[in-house]
Amino acid sequence: MASKKTGRKQQMGAAVMYPLDWLEERSGLVGGIKYFLFRKVPGDTSWWHTLGSATLTAFLVQLVTGVILAMYYKPSPAEAHSSVEHITNDLTLGWLVRGMHRWGASVFIILMFMHMGRVFLFGAYKYPRELNWIVGVLLLATGLFEGLTGYLLPFDQTAYWATVVAVNINGTAPFLGPYIASVLRGGAEIGPDTLARFYSLHMLLIPGALMGLIGLHLYLIVRLGVTSPPWSKEAAELPDPESPPPARSGLTQPGPRASGVRRRPTE
Amino acid sequence: MEDRPGDDQPQLPPPSLWPVGFAVGIVCLLVGLVVSWPVAAVGAVLALVFGFLWARDVATGGRAVPGLPPEEPAAEAPAMPEPAPGERFPRNKFLEGATLGLGAVIGGIVTLPAVGFALLPAFVKQGAHEVDLGPVDDFPENKFVVATFMRNPAQGEITRQTAFIRNNGLLAGKPSFTCISNRCAHLGCPVQAGGPLFEGQKKVEKTANGEVTLIPALPAAGFICPCHGGAYDQEGNRTAGPPVRGLDRYEFLIREGRLILGNTFSVAYVDGAGASARIHRYELSGPGQHVDGPEAWLYPLQPPH
């Protein structure tokens with residue numbers, strides 16, 4: 001009875017594994033995903049280290065809800081505001097999806113700043129992770145630009161005048177400012193093209209840039225590993241010379257640079 | 001990793017013409033479907049025959065090719081000296097350069113027009129449209145009227161603008177008007193008349209610019225911006241707050257007894273008032289951009305408007 005059960009279990013396991021093995025043999029995707037998800041991190045990694053993933057989650061929420069909102073939104077001056085009202089008031093669950101997108105935008109920006117603060121306070125921007133800090137700053141600027149372009153789309157008085165002011169602030173930049181403002185407006189004055197232009201930037205150009213930068217950001221994280229918190233006792237230890245270095249030791253364990261500040265607990 | 005036999009040389013099928021004949025048959029069949037049935041039939045026969053021969057070849061493991069002796073494993077004198085590792089042939093370098101260069105050219109041909117289309121329309125064909133505000137009689141002498149109109153009726157309500165118009169009477173026998181734009185010189189918010197609007201005396205003129213609304217006003221405190229507190233006097237001179245210059249103005253002309261607004265221009269400040277005012281006029285600049293003084297050096301070139 002028991003052996004029959006284990007036999008069936010093995011059969012089930014084989015049935016599950018067969019397509020995965022087939023995929024792995026031809027693409028290496030299964031191993032790649034395992035490498036990405038189950039990589040080694042320092043033992044004292046804490047909840048603070050989840051802010052980056054939280055930001056990514058907020059971005060994915062914006063991505064999904066934005067794609068769905070684009071199915072109902074009409075980017076023309078005459079129809080934009082009424083289509084947003086239609087989404088909010090008439091369409092089933094439209095209020096929810098629009099609310100998620102609207103509030104999620106703030107969540108995304110706030111989480112970006114919190115993640116940035118964590119990286120700064122933990123000193124995680126130091127060698128060899130400077131490049132990832134720079135990519136992160138580009139992500140912050142791109143994310144804020146996404147917020148600016150999205151703010152116009154409801155096309156009410158707040159949206160319109162906030163955009164007027166924002167474009168004119170860009171226009172006061174020295175030398176190139178007047179040209180930047182004209183490019184943003186699509187002309188000398190805000191007109192029908194401005195809305196369509198902001199819509200295109202908001203849903204195509206900037207998200208594409210964000211996705212590319214996020215890919216680079218994640219690549220560098222996987223390559224360089226996660227930093228220990230600054231109070232880490234683990235990271236202050238010397239590596240044990242007897243034991244071989246872990247498979248991807250590199251940056252999850254201190255190198256010779258840490259030896260000077262070695263402090264063993266006194267107890 | 002140990003060497004397996006055949007690792008170093010690709011396992012080529014023996015040379016055979018049957019697939020070529022099969023392909024010709026298929027082409028003939030497809031052309032025949034369009035052109036005529038007999039051609040299609042010939043193609044079908046060709047494809048069947050050659051397909052059969054090809055399949056037989058594959059199934060029997062290939063024919064022996066009579067003319068070709070089996071390849072010698074090692075030729076005694078190689079025709080060319082073995083290249084050192086890392087050494088590259090000129091042709092190799094040329095092909096790499098050609099690939100990169102051609103790729104760049106193709107990329108440029110595709111990208112440049114797209115980028116131009118994205119950027120240039122913002123700068124060309126931006127001519128301002130004349131605005132017909134209706135008969136001059138609608139503007140009583142030395143009184144301000146708040147006029148709202150569509151700058152470009154073809155583009156609709158989004159081009160609606162507001163101007164403060166004052167009839168200054170005659171100057172040397174010619175009519176004089178003060179036409180102040182309501183775009184704040186700080187960041188472009190709409191400035192408001194600092195005094196009562198007489199909504200009861202509102203007039204609506206139907207002109208070529210759609211509905212023009214004219215509301216008499218008494219801006220005793222000049223013009224005030226609700227956004228950041230910029231304040232101007234009745235000539236549009238900055239009196240307080242963050243604006244960097246006076247309010248912009250419209251050119252105007254009288255045609256057949258009607259007041260026509262033309263291009264907009266920027267104003268640093270105005271000496272005097274009314275018909276005898278001296279306007280320090282500059283090319284139209286964006287809000288927040290200095291037109292005079294050393295700060296104006298930061299904005300040497302304005303895009304065409």
# chains A, B, ... in the order shown; residues from 1 in each chain; ligands from 1

$ select_by_dssp --residues "range 69-132 of chain A" --states "helix (DSSP H, G or I)" --output "PyMOL selection string"
chain A and resi 69+80-89+94-121+130-132

$ interface_residues --of "chain B" --to "chain A" --cutoff "7 Å" --atoms "only C-alpha atoms" --output "PyMOL selection string"
chain B and resi 119+121-123+126+155+158-159+187-189+286-289+298-300+302-303+305

$ closest_residue --among "A:Pro19, A:Gly99, A:Pro154, A:Gly7" --to "Ser83 in chain A" --atoms "only C-alpha atoms"
A:Pro154

$ select_by_dssp --residues "range 60-294 of chain B" --states "strand (DSSP E)" --output "JSON, numbers by chain"
{"B": [131, 132, 133, 134, 135, 144, 145, 146, 147, 148, 149, 150, 160, 161, 162, 163, 164, 165, 166, 167, 168, 169, 170, 171, 174, 175, 176, 177, 178, 179, 180, 181, 192, 193, 203, 204, 205, 206, 207, 210, 211, 212, 213, 214, 215, 216, 217, 223, 224, 231, 232, 238, 239, 240, 249, 250, 251, 252, 253, 254, 255, 258, 259, 260, 261, 262, 263, 264, 265, 266, 267, 268, 269, 270, 271, 278, 279, 280, 281, 282]}

$ residues_around --residues "range 139-144 of chain A" --least-positions-apart "4" --cutoff "7 Å" --atoms "only C-alpha atoms" --output "NGL selection string"
:A and (112 or 135 or 148 or 206 or 210 or 213)

$ atom_distance --atom1 "CA of Gly123 in chain A" --atom2 "CA of Leu224 in chain A"
14.4 Å

$ atom_distance --atom1 "CA of Ala105 in chain A" --atom2 "CA of Ser53 in chain A"
15.7 Å
